[in-house]
>>> print(open('target32.cif').read())   # mmCIF, N, CA and C atoms
data_data
#
loop_
_atom_site.group_PDB
_atom_site.id
_atom_site.type_symbol
_atom_site.label_atom_id
_atom_site.label_comp_id
_atom_site.auth_asym_id
_atom_site.auth_seq_id
_atom_site.Cartn_x
_atom_site.Cartn_y
_atom_site.Cartn_z
ATOM 1 N N HIS A 1 20.838 14.551 17.943
ATOM 2 C CA HIS A 1 20.017 14.060 16.862
ATOM 3 C C HIS A 1 19.637 15.208 15.937
ATOM 4 N N ASP A 2 19.782 14.976 14.663
ATOM 5 C CA ASP A 2 19.382 15.986 13.685
ATOM 6 C C ASP A 2 17.903 15.844 13.396
ATOM 7 N N LEU A 3 17.241 16.962 13.332
ATOM 8 C CA LEU A 3 15.828 16.949 12.970
ATOM 9 C C LEU A 3 15.720 16.898 11.459
ATOM 10 N N LEU A 4 14.740 16.171 10.970
ATOM 11 C CA LEU A 4 14.526 16.105 9.534
ATOM 12 C C LEU A 4 13.917 17.405 9.045
ATOM 13 N N SER A 5 14.330 17.824 7.886
ATOM 14 C CA SER A 5 13.724 19.014 7.299
ATOM 15 C C SER A 5 12.332 18.669 6.803
ATOM 16 N N SER A 6 11.536 19.695 6.555
ATOM 17 C CA SER A 6 10.177 19.446 6.064
ATOM 18 C C SER A 6 10.220 18.749 4.707
ATOM 19 N N LEU A 7 11.227 19.035 3.888
ATOM 20 C CA LEU A 7 11.341 18.349 2.594
ATOM 21 C C LEU A 7 11.641 16.872 2.790
ATOM 22 N N GLU A 8 12.488 16.560 3.750
ATOM 23 C CA GLU A 8 12.789 15.162 4.032
ATOM 24 C C GLU A 8 11.556 14.438 4.565
ATOM 25 N N LEU A 9 10.797 15.119 5.413
ATOM 26 C CA LEU A 9 9.585 14.513 5.964
ATOM 27 C C LEU A 9 8.540 14.271 4.889
ATOM 28 N N GLU A 10 8.442 15.190 3.950
ATOM 29 C CA GLU A 10 7.415 15.073 2.909
ATOM 30 C C GLU A 10 7.568 13.814 2.072
ATOM 31 N N ARG A 11 8.752 13.289 1.969
ATOM 32 C CA ARG A 11 8.929 12.071 1.167
ATOM 33 C C ARG A 11 8.245 10.866 1.811
ATOM 34 N N TYR A 12 7.921 10.976 3.127
ATOM 35 C CA TYR A 12 7.256 9.871 3.822
ATOM 36 C C TYR A 12 5.732 9.994 3.819
ATOM 37 N N VAL A 13 5.214 11.105 3.359
ATOM 38 C CA VAL A 13 3.760 11.304 3.347
ATOM 39 C C VAL A 13 3.046 10.196 2.564
ATOM 40 N N PRO A 14 3.492 9.849 1.351
ATOM 41 C CA PRO A 14 2.794 8.766 0.630
ATOM 42 C C PRO A 14 2.810 7.439 1.388
ATOM 43 N N LEU A 15 3.910 7.140 2.055
ATOM 44 C CA LEU A 15 3.992 5.895 2.826
ATOM 45 C C LEU A 15 2.955 5.886 3.942
ATOM 46 N N PHE A 16 2.889 6.979 4.705
ATOM 47 C CA PHE A 16 1.945 7.018 5.820
ATOM 48 C C PHE A 16 0.497 7.112 5.344
ATOM 49 N N ASP A 17 0.261 7.710 4.191
ATOM 50 C CA ASP A 17 -1.081 7.688 3.601
ATOM 51 C C ASP A 17 -1.489 6.259 3.265
ATOM 52 N N GLU A 18 -0.559 5.505 2.694
ATOM 53 C CA GLU A 18 -0.844 4.107 2.356
ATOM 54 C C GLU A 18 -1.082 3.271 3.609
ATOM 55 N N VAL A 19 -0.255 3.483 4.624
ATOM 56 C CA VAL A 19 -0.428 2.768 5.892
ATOM 57 C C VAL A 19 -1.802 3.085 6.477
ATOM 58 N N LEU A 20 -2.181 4.362 6.464
ATOM 59 C CA LEU A 20 -3.484 4.768 6.992
ATOM 60 C C LEU A 20 -4.618 4.099 6.225
ATOM 61 N N ASN A 21 -4.542 4.087 4.908
ATOM 62 C CA ASN A 21 -5.603 3.476 4.100
ATOM 63 C C ASN A 21 -5.721 1.980 4.358
ATOM 64 N N GLU A 22 -4.586 1.291 4.379
ATOM 65 C CA GLU A 22 -4.621 -0.160 4.597
ATOM 66 C C GLU A 22 -5.057 -0.505 6.016
ATOM 67 N N ALA A 23 -4.486 0.174 6.990
ATOM 68 C CA ALA A 23 -4.849 -0.100 8.386
ATOM 69 C C ALA A 23 -6.305 0.277 8.638
ATOM 70 N N GLY A 24 -6.743 1.388 8.068
ATOM 71 C CA GLY A 24 -8.130 1.822 8.239
ATOM 72 C C GLY A 24 -9.123 0.792 7.724
ATOM 73 N N ALA A 25 -8.802 0.190 6.585
ATOM 74 C CA ALA A 25 -9.692 -0.832 6.026
ATOM 75 C C ALA A 25 -9.767 -2.053 6.938
ATOM 76 N N ILE A 26 -8.635 -2.448 7.476
ATOM 77 C CA ILE A 26 -8.608 -3.597 8.383
ATOM 78 C C ILE A 26 -9.343 -3.271 9.681
ATOM 79 N N LEU A 27 -9.070 -2.092 10.242
ATOM 80 C CA LEU A 27 -9.739 -1.694 11.481
ATOM 81 C C LEU A 27 -11.249 -1.637 11.303
ATOM 82 N N GLU A 28 -11.700 -1.158 10.166
ATOM 83 C CA GLU A 28 -13.145 -1.074 9.919
ATOM 84 C C GLU A 28 -13.776 -2.465 9.907
ATOM 85 N N ARG A 29 -13.096 -3.439 9.316
ATOM 86 C CA ARG A 29 -13.624 -4.816 9.309
ATOM 87 C C ARG A 29 -13.698 -5.378 10.724
ATOM 88 N N VAL A 30 -12.661 -5.123 11.518
ATOM 89 C CA VAL A 30 -12.652 -5.627 12.897
ATOM 90 C C VAL A 30 -13.738 -4.928 13.705
ATOM 91 N N LYS A 31 -13.904 -3.623 13.514
ATOM 92 C CA LYS A 31 -14.952 -2.889 14.231
ATOM 93 C C LYS A 31 -16.337 -3.450 13.898
ATOM 94 N N GLN A 32 -16.547 -3.854 12.657
ATOM 95 C CA GLN A 32 -17.841 -4.421 12.280
ATOM 96 C C GLN A 32 -18.035 -5.823 12.867
ATOM 97 N N LYS A 33 -16.939 -6.549 13.053
ATOM 98 C CA LYS A 33 -17.033 -7.890 13.645
ATOM 99 C C LYS A 33 -17.334 -7.819 15.143
ATOM 100 N N TYR A 34 -16.781 -6.811 15.822
ATOM 101 C CA TYR A 34 -16.970 -6.627 17.263
ATOM 102 C C TYR A 34 -17.607 -5.258 17.503
ATOM 103 N N PRO A 35 -18.894 -5.130 17.211
ATOM 104 C CA PRO A 35 -19.544 -3.811 17.227
ATOM 105 C C PRO A 35 -19.852 -3.277 18.638
ATOM 106 N N ARG A 36 -18.805 -2.951 19.371
ATOM 107 C CA ARG A 36 -18.992 -2.407 20.721
ATOM 108 C C ARG A 36 -19.518 -0.976 20.624
ATOM 109 N N ARG A 37 -20.578 -0.726 21.369
ATOM 110 C CA ARG A 37 -21.184 0.613 21.359
ATOM 111 C C ARG A 37 -20.265 1.614 22.040
ATOM 112 N N ARG A 38 -20.344 2.841 21.593
ATOM 113 C CA ARG A 38 -19.543 3.915 22.191
ATOM 114 C C ARG A 38 -20.178 4.337 23.518
ATOM 115 N N PRO A 39 -19.354 4.875 24.427
ATOM 116 C CA PRO A 39 -19.883 5.255 25.744
ATOM 117 C C PRO A 39 -21.092 6.192 25.675
ATOM 118 N N PHE A 40 -21.087 7.163 24.772
ATOM 119 C CA PHE A 40 -22.228 8.089 24.696
ATOM 120 C C PHE A 40 -23.483 7.405 24.172
ATOM 121 N N GLU A 41 -23.340 6.239 23.546
ATOM 122 C CA GLU A 41 -24.507 5.459 23.122
ATOM 123 C C GLU A 41 -25.065 4.643 24.284
ATOM 124 N N GLU A 42 -24.202 4.242 25.177
ATOM 125 C CA GLU A 42 -24.607 3.471 26.347
ATOM 126 C C GLU A 42 -25.249 4.354 27.414
ATOM 127 N N ASP A 43 -24.731 5.561 27.573
ATOM 128 C CA ASP A 43 -25.208 6.472 28.613
ATOM 129 C C ASP A 43 -25.506 7.825 27.968
ATOM 130 N N THR A 44 -26.761 8.107 27.759
ATOM 131 C CA THR A 44 -27.159 9.331 27.059
ATOM 132 C C THR A 44 -26.854 10.598 27.860
ATOM 133 N N ARG A 45 -26.444 10.447 29.110
ATOM 134 C CA ARG A 45 -26.045 11.621 29.896
ATOM 135 C C ARG A 45 -24.682 12.147 29.456
ATOM 136 N N LEU A 46 -23.913 11.307 28.799
ATOM 137 C CA LEU A 46 -22.600 11.721 28.327
ATOM 138 C C LEU A 46 -22.753 12.631 27.114
ATOM 139 N N ARG A 47 -22.063 13.733 27.131
ATOM 140 C CA ARG A 47 -22.112 14.723 26.057
ATOM 141 C C ARG A 47 -20.689 14.956 25.536
ATOM 142 N N PRO A 48 -20.293 14.254 24.492
ATOM 143 C CA PRO A 48 -18.940 14.446 23.963
ATOM 144 C C PRO A 48 -18.722 15.888 23.504
ATOM 145 N N CYS A 49 -17.502 16.379 23.698
ATOM 146 C CA CYS A 49 -17.179 17.747 23.284
ATOM 147 C C CYS A 49 -16.595 17.773 21.870
ATOM 148 N N ILE A 50 -16.537 16.608 21.230
ATOM 149 C CA ILE A 50 -16.085 16.514 19.845
ATOM 150 C C ILE A 50 -17.182 15.834 19.033
ATOM 151 N N SER A 51 -16.978 15.730 17.742
ATOM 152 C CA SER A 51 -17.993 15.070 16.916
ATOM 153 C C SER A 51 -18.136 13.607 17.341
ATOM 154 N N ARG A 52 -19.320 13.085 17.145
ATOM 155 C CA ARG A 52 -19.615 11.707 17.540
ATOM 156 C C ARG A 52 -19.372 10.765 16.363
ATOM 157 N N PRO A 53 -18.330 9.943 16.446
ATOM 158 C CA PRO A 53 -18.078 8.990 15.361
ATOM 159 C C PRO A 53 -19.258 8.028 15.214
ATOM 160 N N ASP A 54 -19.517 7.613 14.004
ATOM 161 C CA ASP A 54 -20.634 6.684 13.806
ATOM 162 C C ASP A 54 -20.151 5.244 13.621
ATOM 163 N N SER A 55 -18.897 4.987 13.972
ATOM 164 C CA SER A 55 -18.377 3.625 13.911
ATOM 165 C C SER A 55 -18.318 3.048 15.324
ATOM 166 N N PRO A 56 -18.264 1.719 15.418
ATOM 167 C CA PRO A 56 -18.131 1.107 16.745
ATOM 168 C C PRO A 56 -16.849 1.570 17.441
ATOM 169 N N SER A 57 -16.797 1.412 18.762
ATOM 170 C CA SER A 57 -15.666 1.931 19.523
ATOM 171 C C SER A 57 -14.493 0.972 19.650
ATOM 172 N N TYR A 58 -14.687 -0.284 19.310
ATOM 173 C CA TYR A 58 -13.616 -1.272 19.479
ATOM 174 C C TYR A 58 -13.245 -1.875 18.143
ATOM 175 N N PRO A 59 -11.981 -2.042 17.860
ATOM 176 C CA PRO A 59 -10.836 -1.561 18.606
ATOM 177 C C PRO A 59 -10.640 -0.062 18.393
ATOM 178 N N SER A 60 -9.909 0.559 19.276
ATOM 179 C CA SER A 60 -9.643 1.985 19.166
ATOM 180 C C SER A 60 -8.778 2.259 17.948
ATOM 181 N N GLY A 61 -9.306 3.040 17.023
ATOM 182 C CA GLY A 61 -8.539 3.392 15.832
ATOM 183 C C GLY A 61 -7.314 4.210 16.178
ATOM 184 N N HIS A 62 -7.465 5.144 17.123
ATOM 185 C CA HIS A 62 -6.326 5.981 17.499
ATOM 186 C C HIS A 62 -5.209 5.138 18.113
ATOM 187 N N ALA A 63 -5.546 4.246 18.997
ATOM 188 C CA ALA A 63 -4.526 3.416 19.642
ATOM 189 C C ALA A 63 -3.876 2.472 18.634
ATOM 190 N N ALA A 64 -4.695 1.866 17.773
ATOM 191 C CA ALA A 64 -4.147 0.940 16.782
ATOM 192 C C ALA A 64 -3.221 1.664 15.809
ATOM 193 N N LEU A 65 -3.640 2.835 15.330
ATOM 194 C CA LEU A 65 -2.791 3.578 14.395
ATOM 195 C C LEU A 65 -1.505 4.064 15.061
ATOM 196 N N ALA A 66 -1.575 4.434 16.333
ATOM 197 C CA ALA A 66 -0.361 4.842 17.040
ATOM 198 C C ALA A 66 0.638 3.691 17.094
ATOM 199 N N MET A 67 0.158 2.489 17.363
ATOM 200 C CA MET A 67 1.044 1.326 17.404
ATOM 201 C C MET A 67 1.615 1.019 16.019
ATOM 202 N N ILE A 68 0.762 1.094 15.007
ATOM 203 C CA ILE A 68 1.213 0.800 13.643
ATOM 204 C C ILE A 68 2.237 1.834 13.185
ATOM 205 N N TYR A 69 1.933 3.111 13.407
ATOM 206 C CA TYR A 69 2.854 4.173 13.003
ATOM 207 C C TYR A 69 4.195 4.042 13.750
ATOM 208 N N SER A 70 4.140 3.704 15.030
ATOM 209 C CA SER A 70 5.397 3.576 15.786
ATOM 210 C C SER A 70 6.237 2.431 15.238
ATOM 211 N N ARG A 71 5.577 1.381 14.811
ATOM 212 C CA ARG A 71 6.316 0.236 14.223
ATOM 213 C C ARG A 71 6.957 0.639 12.898
ATOM 214 N N VAL A 72 6.206 1.362 12.079
ATOM 215 C CA VAL A 72 6.753 1.832 10.797
ATOM 216 C C VAL A 72 7.947 2.745 11.049
ATOM 217 N N LEU A 73 7.811 3.679 11.975
ATOM 218 C CA LEU A 73 8.904 4.596 12.281
ATOM 219 C C LEU A 73 10.123 3.841 12.816
ATOM 220 N N ALA A 74 9.895 2.831 13.638
ATOM 221 C CA ALA A 74 11.004 2.043 14.172
ATOM 222 C C ALA A 74 11.737 1.320 13.037
ATOM 223 N N GLU A 75 10.988 0.823 12.071
ATOM 224 C CA GLU A 75 11.606 0.132 10.938
ATOM 225 C C GLU A 75 12.381 1.098 10.052
ATOM 226 N N LEU A 76 11.884 2.326 9.937
ATOM 227 C CA LEU A 76 12.597 3.329 9.128
ATOM 228 C C LEU A 76 13.905 3.706 9.798
#
>>> encode(input="target32.cif", output="C-alpha cells")
Amino acid sequence: HDLLSSLELERYVPLFDEVLNEAGAILERVKQKYPRRRPFEEDTRLRPCISRPDSPSYPSGHAALAMIYSRVLAEL
C-alpha cells in the first residue's frame, strides 16, 4: 500500500472539517436531549487528569466521531 503524501492528505482537510462541524452540531443536540452526567460529576472523588468537559457525557463524542470518520474513510 502506498502512503499518501502530506499534500494529498491536505486536500481532505476541508472535508473532515465539514464532517466535524456537522457531526458536532448533531452530537450536541443529542447530548442536550440525554443529559447524562459525567463520572466526575457523579463521584467527586474522581480527579480527571485532563480538562473537564462541560457537556454531558452521552453520547461519547470521541466514539461517535471515530465511527463517522471511519465511514467517510471507507467511502473514500
>>> residues_around(input="target32.cif", residues="region 23-37 of chain A", least_positions_apart="6", cutoff="6 Å", atoms="only N, CA and C atoms", output="list of chain:residue names")
A:Pro56, A:Ser57, A:Tyr58, A:Pro59
>>> atom_distance(input="target32.cif", atom1="CA of Asn21 (chain A)", atom2="CA of Leu9 (chain A)")
18.9 Å
>>> resolve_selection(input="target32.cif", expression="the PyMOL selection byres ((chain A and resi 64-72) around 8)", output="ChimeraX atom specification")
/A:16,19-20,23-24,59-63,73-76
>>> atom_distance(input="target32.cif", atom1="atom C of Leu15 (chain A)", atom2="CA of Ser55 (chain A)")
23.7 Å
>>> select_by_dssp(input="target32.cif", residues="region 2-75 of chain A", states="helix (DSSP H, G or I)", output="ChimeraX atom specification")
/A:6-10,13-33,39-42,61-75
>>> atom_distance(input="target32.cif", atom1="CA of Arg52 (chain A)", atom2="atom C of Tyr12 (chain A)")
28.9 Å
>>> decode(input="target32.cif", residues="chain A", atoms="C-alpha atoms", output="compact mmCIF listing (two decimals), in the first residue's frame")
# COMPACT_ATOMS: atom_id res chain seq x y z
CA HIS A 1 0.00 0.00 0.00
CA ASP A 2 1.27 3.44 -0.89
CA LEU A 3 1.11 6.05 1.80
CA LEU A 4 -0.48 9.33 0.85
CA SER A 5 1.79 12.32 0.77
CA SER A 6 1.06 15.22 3.08
CA LEU A 7 -0.08 17.24 0.05
CA GLU A 8 -2.54 14.52 -0.90
CA LEU A 9 -3.81 14.36 2.68
CA GLU A 10 -4.26 18.11 2.88
CA ARG A 11 -6.91 18.04 0.18
CA TYR A 12 -9.15 16.12 2.63
CA VAL A 13 -8.81 18.62 5.48
CA PRO A 14 -11.83 20.72 4.35
CA LEU A 15 -13.97 17.57 4.08
CA PHE A 16 -13.10 16.40 7.59
CA ASP A 17 -13.58 19.92 8.97
CA GLU A 18 -17.08 19.93 7.49
CA VAL A 19 -17.80 16.45 8.85
CA LEU A 20 -16.61 17.57 12.30
CA ASN A 21 -18.79 20.70 12.24
CA GLU A 22 -21.92 18.88 11.09
CA ALA A 23 -21.46 15.87 13.36
CA GLY A 24 -20.56 18.12 16.29
CA ALA A 25 -23.80 20.06 15.91
CA ILE A 26 -25.84 16.86 15.84
CA LEU A 27 -23.96 15.34 18.79
CA GLU A 28 -24.51 18.50 20.83
CA ARG A 29 -28.29 18.30 20.25
CA VAL A 30 -28.35 14.63 21.28
CA LYS A 31 -26.22 15.37 24.36
CA GLN A 32 -28.72 18.04 25.40
CA LYS A 33 -31.63 15.63 24.90
CA TYR A 34 -29.97 12.92 27.04
CA PRO A 35 -28.01 14.95 29.61
CA ARG A 36 -26.09 12.13 31.30
CA ARG A 37 -23.75 13.46 33.96
CA ARG A 38 -20.04 12.79 33.63
CA PRO A 39 -18.42 10.36 36.08
CA PHE A 40 -16.51 13.11 37.91
CA GLU A 41 -19.84 14.89 38.47
CA GLU A 42 -21.37 11.76 39.98
CA ASP A 43 -18.40 10.95 42.22
CA THR A 44 -16.41 13.93 43.46
CA ARG A 45 -13.57 11.60 44.48
CA LEU A 46 -12.71 11.21 40.82
CA ARG A 47 -9.99 13.60 39.69
CA PRO A 48 -9.63 13.68 35.89
CA CYS A 49 -6.07 14.20 34.64
CA ILE A 50 -7.36 16.19 31.65
CA SER A 51 -9.63 19.21 31.37
CA ARG A 52 -13.21 18.65 32.47
CA PRO A 53 -15.64 19.00 29.56
CA ASP A 54 -18.74 20.98 30.41
CA SER A 55 -21.01 18.99 28.10
CA PRO A 56 -22.99 15.89 29.02
CA SER A 57 -21.18 12.56 28.66
CA TYR A 58 -23.66 10.76 26.41
CA PRO A 59 -23.27 10.02 23.60
CA SER A 60 -19.49 9.86 23.53
CA GLY A 61 -18.25 12.43 21.04
CA HIS A 62 -14.96 10.59 20.58
CA ALA A 63 -16.64 7.27 19.84
CA ALA A 64 -19.24 8.82 17.54
CA LEU A 65 -16.65 10.79 15.58
CA ALA A 66 -14.44 7.70 15.24
CA MET A 67 -17.35 5.81 13.69
CA ILE A 68 -18.27 8.71 11.41
CA TYR A 69 -14.68 9.27 10.29
CA SER A 70 -14.19 5.55 9.62
CA ARG A 71 -17.31 5.54 7.45
CA VAL A 72 -16.09 8.56 5.49
CA LEU A 73 -12.67 6.96 5.00
CA ALA A 74 -14.29 3.69 3.88
CA GLU A 75 -16.34 5.59 1.30
CA LEU A 76 -13.24 7.40 0.04
